[in-house]
Amino acid sequence: MIHKISAEHLSQDLIDEIITNGYKLELSDDSRARILHCREYLDKKIAESDTPIYGVTTGFGSLCDININAEQMAKLQVNLIMSHACGIGNRLPNEVVKIMLLLKVQSLSYGHSGCKLDTVERLVDFFNNDIYPIVYEQGSVGASGDLVPLAHLSLPLLGLGEVEYQGERMTGEEILKRMGWAPIQLGSKEGLSLLNGTQNMSALAVWSLIKAKRIVAWADTIAAISLEAFDGRTEPFNVAVHWLRAHKGQLATAVKMNKLLRDSEMARQPKANVQDPYSFRCIPQVHGAVKDTLSYVKGIIYIEINAATDNPSICPDEDLIISAGNFHGEPIALPMDFLCIAMSELGNISERRTYQLVSGKRGLPSFLVAEPGLNSGFMITQYTAASIVSQSKTLCMPSTADSIPTSQGQEDHVSMGANAGTKLLRITDNTERVLAIELFTAAQALDFRRPLRSSPILERLHAAYREKVPFITHDVVMYPHIAETVRFMREYEVE
């Protein structure tokens, strides 16, 4: 399957399809024409103009007042990439790196960056052959674009840096030899085009959104199982209540909960408790607010991934080369900070339901084992969830609340958006694990309600889950079951 890079906008769902189904990329004729037109314009402008052009005929950052002669322009771009490759820490996941490649190709294809066609085509080659440049988490301040991670993304084009190919880690020189490719010879402005831009931040946001979409769908389903197991009431999900407030996500969650609980024997049973704790009663309000946040952030990221964000911006048809600030990460850093809080809250309320289920209430045995005391049962699974939730809370300090000047004060306000992105990915993964612990716990508690049956939807899920994870009768080593629950959530399609 092939996706043609064109003026057609990318979306989160399309990127998910491209990455998940192994699409290949191909530049459309229109994209090729725009890239060539912009390059021809830039070359002509350099030849005809005596006016300094930032990053093309000058140095970078606070060195912008130092002129570079024509013989040094190509060397300037290579030096830029080498000197900016200062990443450290853990590697970014291959999925994030692949999205970075896709987004960089999309951005350069608009014809406002000045890249040569062969440079863009080599990025396409890397994507199509599943060659993953080694890119590190730490180093970007999210303002002059993602300079450090994009430098690591670009090094292998020159035969430098490192990549992963077919599970093997090798140098940029080795991968070029293996593929029979010559190193790219950079022209003026090209290093800056490759390094300026928000593709690292954007890729982290997109991959987190893809994962969050699935996790949020699971949250409702797992919450419904927990409600059944806790012998909870269904009145809080009556849609009439939610029309009085009318938040979109809240309404959608109430409708979803009613669908999940339809035709449940457990739900129809008379209830001894007049009211449920907030973690059950306020599922629509909390889950719904998370969905609304997700929708808002998705809209912002959609704009970003379809933008040209390097600097200077080249507008051939308007005869303009403008040094400005489209690389600044603030427009997406703030929403990512917001989504960090929302995903943390989803984990927070999930852990509270797990706590209620193991607390020996409403006819359930303490820690969900038949012989508590001799057996600890699900006591420590809740500890694990609490530990993860606490970590997510500490990660919710907004990255955008901090700014540290760089480049001798020329770049005196930065977004720290890359930090927001890596935190968001960490919190999203944390929330998935907390929900897995809730599912593990809720499925155990549900079995103590037999012979009553839940709804057809939940019973199908429970039966499928029991094929992977057994009912726990006596103490066993628990961590393999938690890990298996995470795998189950990634493979099972919730209704």
# chains A, B, ... in the order shown; residues from 1 in each chain; ligands from 1
$ select_by_dssp --residues "region 49-184 of chain A" --states "alpha helix (DSSP H)" --output "PyMOL selection string"
chain A and resi 73-84+94-108+117-128+147-154+172-179
$ residues_around --residues "Pro398 (chain A)" --least-positions-apart "4" --cutoff "10 Å" --atoms "only C-alpha atoms" --output "number ranges by chain"
A: 333-334, 336-338, 340-341, 402, 416-417, 419-420, 423
$ write_last_selection --atoms "N, CA and C atoms" --output "PDB file, in the first residue's frame"
ATOM      1  N   ALA A 333       3.037  22.641  22.724  1.00  0.00           N
ATOM      2  CA  ALA A 333       3.550  22.279  24.044  1.00  0.00           C
ATOM      3  C   ALA A 333       2.491  22.462  25.120  1.00  0.00           C
ATOM      4  N   LEU A 334       1.773  23.580  25.069  1.00  0.00           N
ATOM      5  CA  LEU A 334       0.705  23.809  26.049  1.00  0.00           C
ATOM      6  C   LEU A 334      -0.371  22.727  25.993  1.00  0.00           C
ATOM      7  N   MET A 336      -0.053  19.660  24.961  1.00  0.00           N
ATOM      8  CA  MET A 336       0.515  18.398  25.456  1.00  0.00           C
ATOM      9  C   MET A 336       0.579  18.382  26.975  1.00  0.00           C
ATOM     10  N   ASP A 337       0.926  19.518  27.566  1.00  0.00           N
ATOM     11  CA  ASP A 337       0.889  19.609  29.032  1.00  0.00           C
ATOM     12  C   ASP A 337      -0.528  19.341  29.551  1.00  0.00           C
ATOM     13  N   PHE A 338      -1.505  19.880  28.862  1.00  0.00           N
ATOM     14  CA  PHE A 338      -2.916  19.689  29.235  1.00  0.00           C
ATOM     15  C   PHE A 338      -3.293  18.210  29.153  1.00  0.00           C
ATOM     16  N   CYS A 340      -1.293  15.681  29.357  1.00  0.00           N
ATOM     17  CA  CYS A 340      -0.607  14.968  30.452  1.00  0.00           C
ATOM     18  C   CYS A 340      -1.511  14.902  31.679  1.00  0.00           C
ATOM     19  N   ILE A 341      -2.116  16.031  32.027  1.00  0.00           N
ATOM     20  CA  ILE A 341      -2.988  16.091  33.204  1.00  0.00           C
ATOM     21  C   ILE A 341      -4.215  15.201  33.003  1.00  0.00           C
ATOM     22  N   ASP A 402       8.350  26.454  32.351  1.00  0.00           N
ATOM     23  CA  ASP A 402       9.767  26.764  32.479  1.00  0.00           C
ATOM     24  C   ASP A 402      10.318  27.241  31.139  1.00  0.00           C
ATOM     25  N   MET A 416      10.077  24.235  25.844  1.00  0.00           N
ATOM     26  CA  MET A 416      10.305  22.944  26.503  1.00  0.00           C
ATOM     27  C   MET A 416       9.263  21.906  26.058  1.00  0.00           C
ATOM     28  N   GLY A 417       8.805  22.057  24.821  1.00  0.00           N
ATOM     29  CA  GLY A 417       7.757  21.172  24.310  1.00  0.00           C
ATOM     30  C   GLY A 417       8.189  19.733  24.139  1.00  0.00           C
ATOM     31  N   ASN A 419      10.108  18.121  26.174  1.00  0.00           N
ATOM     32  CA  ASN A 419       9.927  17.538  27.503  1.00  0.00           C
ATOM     33  C   ASN A 419       8.450  17.226  27.757  1.00  0.00           C
ATOM     34  N   ALA A 420       7.571  18.120  27.299  1.00  0.00           N
ATOM     35  CA  ALA A 420       6.133  17.846  27.419  1.00  0.00           C
ATOM     36  C   ALA A 420       5.761  16.586  26.651  1.00  0.00           C
ATOM     37  N   LYS A 423       7.105  13.384  28.424  1.00  0.00           N
ATOM     38  CA  LYS A 423       6.273  13.158  29.619  1.00  0.00           C
ATOM     39  C   LYS A 423       4.914  12.595  29.230  1.00  0.00           C
TER      40      LYS A 423
END
$ residues_around --residues "Arg32 (chain A)" --least-positions-apart "6" --cutoff "9 Å" --atoms "only C-alpha atoms" --output "list in words"
Ser109, Gly111 and Leu117 of chain A
$ closest_atom_pairs --of "region 364-430 of chain A" --to "region 120-141 of chain A" --cutoff "10 Å" --atoms "only C-alpha atoms" --output "Markdown table"
| residue | atom | partner | partner_atom | distance |
| --- | --- | --- | --- | --- |
| A:Ser399 | CA | A:Val141 | CA | 9.9 |
| A:Ser403 | CA | A:Val141 | CA | 8.4 |
| A:Ile404 | CA | A:Val141 | CA | 8.4 |
| A:Pro405 | CA | A:Val141 | CA | 9.5 |
| A:Thr406 | CA | A:Val141 | CA | 8.8 |
| A:His413 | CA | A:Val141 | CA | 9.6 |
| A:Val414 | CA | A:Val141 | CA | 6.1 |
| A:Ser415 | CA | A:Val141 | CA | 6.4 |
| A:Met416 | CA | A:Val141 | CA | 4.5 |
| A:Gly417 | CA | A:Val141 | CA | 6.6 |
| A:Ala418 | CA | A:Ser140 | CA | 5.8 |
| A:Asn419 | CA | A:Val141 | CA | 7.5 |
| A:Ala420 | CA | A:Val141 | CA | 10.0 |
| A:Gly421 | CA | A:Glu137 | CA | 9.5 |
| A:Thr422 | CA | A:Glu137 | CA | 7.0 |
$ write_last_selection --atoms "N, CA, C and O atoms" --output "PDB file, in the first residue's frame"
ATOM      1  N   SER A 399       5.672  21.452  31.531  1.00  0.00           N
ATOM      2  CA  SER A 399       6.979  21.777  30.963  1.00  0.00           C
ATOM      3  C   SER A 399       7.018  23.216  30.483  1.00  0.00           C
ATOM      4  O   SER A 399       8.054  23.891  30.562  1.00  0.00           O
ATOM      5  N   SER A 403      11.274  28.138  31.184  1.00  0.00           N
ATOM      6  CA  SER A 403      12.005  28.569  29.999  1.00  0.00           C
ATOM      7  C   SER A 403      13.410  28.940  30.426  1.00  0.00           C
ATOM      8  O   SER A 403      13.593  29.678  31.400  1.00  0.00           O
ATOM      9  N   ILE A 404      14.407  28.403  29.720  1.00  0.00           N
ATOM     10  CA  ILE A 404      15.808  28.715  30.001  1.00  0.00           C
ATOM     11  C   ILE A 404      16.422  29.265  28.719  1.00  0.00           C
ATOM     12  O   ILE A 404      16.408  28.592  27.695  1.00  0.00           O
ATOM     13  N   PRO A 405      16.914  30.514  28.733  1.00  0.00           N
ATOM     14  CA  PRO A 405      17.471  31.109  27.507  1.00  0.00           C
ATOM     15  C   PRO A 405      18.624  30.286  26.950  1.00  0.00           C
ATOM     16  O   PRO A 405      19.409  29.682  27.695  1.00  0.00           O
ATOM     17  N   THR A 406      18.737  30.277  25.607  1.00  0.00           N
ATOM     18  CA  THR A 406      19.811  29.561  24.923  1.00  0.00           C
ATOM     19  C   THR A 406      20.451  30.484  23.890  1.00  0.00           C
ATOM     20  O   THR A 406      19.966  31.585  23.634  1.00  0.00           O
ATOM     21  N   HIS A 413      13.407  32.756  24.895  1.00  0.00           N
ATOM     22  CA  HIS A 413      12.223  32.103  25.438  1.00  0.00           C
ATOM     23  C   HIS A 413      11.972  30.816  24.662  1.00  0.00           C
ATOM     24  O   HIS A 413      11.830  30.844  23.442  1.00  0.00           O
ATOM     25  N   VAL A 414      11.957  29.710  25.368  1.00  0.00           N
ATOM     26  CA  VAL A 414      11.764  28.408  24.723  1.00  0.00           C
ATOM     27  C   VAL A 414      10.552  27.708  25.330  1.00  0.00           C
ATOM     28  O   VAL A 414      10.123  28.024  26.439  1.00  0.00           O
ATOM     29  N   SER A 415      10.006  26.732  24.603  1.00  0.00           N
ATOM     30  CA  SER A 415       8.741  26.107  25.022  1.00  0.00           C
ATOM     31  C   SER A 415       8.928  24.886  25.918  1.00  0.00           C
ATOM     32  O   SER A 415       8.011  24.498  26.636  1.00  0.00           O
ATOM     33  N   MET A 416      10.077  24.235  25.844  1.00  0.00           N
ATOM     34  CA  MET A 416      10.305  22.944  26.503  1.00  0.00           C
ATOM     35  C   MET A 416       9.263  21.906  26.058  1.00  0.00           C
ATOM     36  O   MET A 416       8.907  20.989  26.797  1.00  0.00           O
ATOM     37  N   GLY A 417       8.805  22.057  24.821  1.00  0.00           N
ATOM     38  CA  GLY A 417       7.757  21.172  24.310  1.00  0.00           C
ATOM     39  C   GLY A 417       8.189  19.733  24.139  1.00  0.00           C
ATOM     40  O   GLY A 417       7.368  18.819  24.246  1.00  0.00           O
ATOM     41  N   ALA A 418       9.475  19.498  23.861  1.00  0.00           N
ATOM     42  CA  ALA A 418       9.942  18.119  23.743  1.00  0.00           C
ATOM     43  C   ALA A 418       9.834  17.401  25.083  1.00  0.00           C
ATOM     44  O   ALA A 418       9.497  16.205  25.145  1.00  0.00           O
ATOM     45  N   ASN A 419      10.108  18.121  26.174  1.00  0.00           N
ATOM     46  CA  ASN A 419       9.927  17.538  27.503  1.00  0.00           C
ATOM     47  C   ASN A 419       8.450  17.226  27.757  1.00  0.00           C
ATOM     48  O   ASN A 419       8.111  16.204  28.368  1.00  0.00           O
ATOM     49  N   ALA A 420       7.571  18.120  27.299  1.00  0.00           N
ATOM     50  CA  ALA A 420       6.133  17.846  27.419  1.00  0.00           C
ATOM     51  C   ALA A 420       5.761  16.586  26.651  1.00  0.00           C
ATOM     52  O   ALA A 420       4.951  15.771  27.115  1.00  0.00           O
ATOM     53  N   GLY A 421       6.373  16.399  25.478  1.00  0.00           N
ATOM     54  CA  GLY A 421       6.065  15.230  24.662  1.00  0.00           C
ATOM     55  C   GLY A 421       6.540  13.925  25.269  1.00  0.00           C
ATOM     56  O   GLY A 421       5.814  12.933  25.272  1.00  0.00           O
ATOM     57  N   THR A 422       7.772  13.914  25.793  1.00  0.00           N
ATOM     58  CA  THR A 422       8.270  12.675  26.403  1.00  0.00           C
ATOM     59  C   THR A 422       7.501  12.357  27.681  1.00  0.00           C
ATOM     60  O   THR A 422       7.241  11.182  27.986  1.00  0.00           O
TER      61      THR A 422
END
$ select_by_dssp --residues "region 221-363 of chain A" --states "strand (DSSP E or B)" --output "number ranges by chain"
A: 313-315, 320-322, 359
$ closest_atom_pairs --of "region 72-179 of chain A" --to "region 203-214 of chain A" --cutoff "7 Å" --atoms "only C-alpha atoms" --output "Markdown table"
| residue | atom | partner | partner_atom | distance |
| --- | --- | --- | --- | --- |
| A:Val96 | CA | A:Ala203 | CA | 5.6 |
| A:Ile99 | CA | A:Ala203 | CA | 5.4 |
| A:Met100 | CA | A:Ala203 | CA | 5.4 |
$ residues_around --residues "Gln185 (chain A)" --least-positions-apart "6" --cutoff "9 Å" --atoms "only C-alpha atoms" --output "PyMOL selection string"
chain A and resi 74+78+119+157-158
$ closest_residue --among "A:Phe280, A:Glu48, A:Gly232, A:Ser202" --to "Val297 (chain A)" --atoms "only C-alpha atoms"
A:Ser202
$ closest_residue --among "A:Pro156, A:Pro456, A:Gly191, A:Pro93" --to "Leu176 (chain A)" --atoms "only C-alpha atoms"
A:Pro156
